[in-house]
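To keep things clear, I will list the structure first and then write my remarks on it.
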Amino acid sequence: ISGTRQINDDALQINTPNPNLKPERSKKVAASLSYFFGGTGVNNLQVVASRNRVTNKTLSQTLTSDEYGNTDPNYVDYEFISFNSAPLPITYNSMEYSYQQYLNFLPKFMHGTSLTASYTRTYVETPPSQVILGVIPHTLKGTLGYRNTRVNFSFSTIWQDDSGPFQAANRYQKRNVKCDLSGSITLNERLQLFFSGRNVFEEPHLLMEKSAGNPDVLFRYENYGTNWTVGIKANF
């Protein structure tokens, strides 16, 4: 936000700081309702509603070379990304529905299996002239896990709908599904092997661009593959 200018020659972007930003302030109200079932005290259904009013919201601003007022001919084709403070308050509203259950009705060797799922609806109240970037209106998450005295595994999936404006008012992040895998194995009372993999199916990140009277086109394709982490934890 404040600091030195960063130039990305590959993406043709320049990040320019703004040391005059005002501090963000927020007032958040949340309410939840839970229903527990089964004999474990863990299985539950839950609804959470929240409302967060933010003043001086820090916003990213993407400008062309001409809009920014660039005078360096070396950067005439670059985008300039900076930050400013929203002039009016912005309100985030969300509603989350979640479910969690240990599947103890399964055969004994599968005791320790659990399932969680959630759906989140998010929307933003803004002044008519203000565009908020990066809001995902619909999100689904799910995790299937297994745990016993020595092993712990989980497989998680997240689905995100097409975003609202993303990085610029005429761009959006295309809906996607990404999956993660993690687990641990206790070798003895002192050593534990653990691992995690993010985006195990190597799903890409697609940024689309809208143009009046034309079909949406691919603006940027990103795929960083799967990020694996493996390690050993020792207790002494």
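We name chains A, B, ... following the order of the structure tokens; residues begin at 1 in each chain, and ligands are numbered from 1 as shown.
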Per-residue nearest contacts of range 68-154 of chain A to range 183-205 of chain A (6 Å; only C-alpha atoms) as a tab-separated table:
```
residue	atom	partner	partner_atom	distance
A:Arg150	CA	A:Thr186	CA	4.9
A:Val151	CA	A:Ile185	CA	4.6
A:Asn152	CA	A:Gly183	CA	5.1
A:Phe153	CA	A:Gly183	CA	4.1
```
task: Would you return as a PyMOL selection string the members of chain A that DSSP assigns to strand (DSSP E) on this structure's backbone?
output: chain A and resi 6-8+13-15+25-36+44-55+58-63+79-85+90-102+113-125+138-147+151-160+165-166+168-173+176-186+191-198+205-211+214-222+227-234
task: May I have all residues of range 41-95 of chain A that DSSP, computed from the backbone, assigns to helix (DSSP H, G or I), given as a VMD selection string?
output: chain A and resid 65 to 68 73 to 75
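Using only C-alpha atoms, the smallest distance between any of A:Pro23, A:Phe83, A:Ala117, A:Asn74 and Ser98 in chain A comes from A:Ala117.
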- request: Would you mind listing what lies within 9 Å of range 146-148 of chain A as an MDAnalysis selection string, with only C-alpha atoms counted and same-chain residues fewer than 4 positions away left out?
  value: chainID A and resid 110:115 152:154
task: Go through A:Asp9, A:Glu67, A:Asp216, A:Asp180 and flag the residue nearest Gly142 in chain A, using only C-alpha atoms for the distances.
output: A:Asp180
- request: Excluding Leu59 in chain A and residues on its chain fewer than 2 positions from it, collect all residues at most 9 Å away from it, counting only C-alpha atoms, and give them as a PyMOL selection string.
  value: chain A and resi 56-57+61+82-86+132-133
Can you write just those residues out, N, CA and C atoms, as a short mmCIF file (atom, residue, chain, number, x, y, z; two decimals), in the first residue's frame?
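File produced: again_3.cif:
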```cif
data_model
loop_
_atom_site.label_atom_id
_atom_site.label_comp_id
_atom_site.auth_asym_id
_atom_site.auth_seq_id
_atom_site.Cartn_x
_atom_site.Cartn_y
_atom_site.Cartn_z
N ASN A 56 -13.95 3.97 4.91
CA ASN A 56 -12.59 4.12 4.38
C ASN A 56 -12.05 2.81 3.81
N LYS A 57 -12.91 2.06 3.17
CA LYS A 57 -12.50 0.80 2.58
C LYS A 57 -11.37 1.02 1.57
N GLN A 61 -7.34 0.15 -7.63
CA GLN A 61 -7.75 0.94 -8.77
C GLN A 61 -6.80 0.64 -9.93
N SER A 82 -3.14 1.03 -8.28
CA SER A 82 -2.88 1.76 -7.05
C SER A 82 -4.07 1.55 -6.10
N PHE A 83 -4.10 2.31 -5.02
CA PHE A 83 -5.14 2.15 -4.00
C PHE A 83 -5.69 3.52 -3.60
N ASN A 84 -6.97 3.51 -3.21
CA ASN A 84 -7.57 4.72 -2.64
C ASN A 84 -8.58 4.30 -1.58
N SER A 85 -9.09 5.26 -0.84
CA SER A 85 -10.08 5.00 0.21
C SER A 85 -11.47 5.31 -0.33
N ALA A 86 -12.41 4.39 -0.13
CA ALA A 86 -13.78 4.61 -0.59
C ALA A 86 -14.37 5.84 0.09
N ILE A 132 -17.08 -2.54 -6.17
CA ILE A 132 -16.25 -3.33 -5.25
C ILE A 132 -15.78 -4.57 -6.00
N LEU A 133 -14.48 -4.79 -5.99
CA LEU A 133 -13.89 -5.88 -6.75
C LEU A 133 -13.70 -7.12 -5.88
#
```
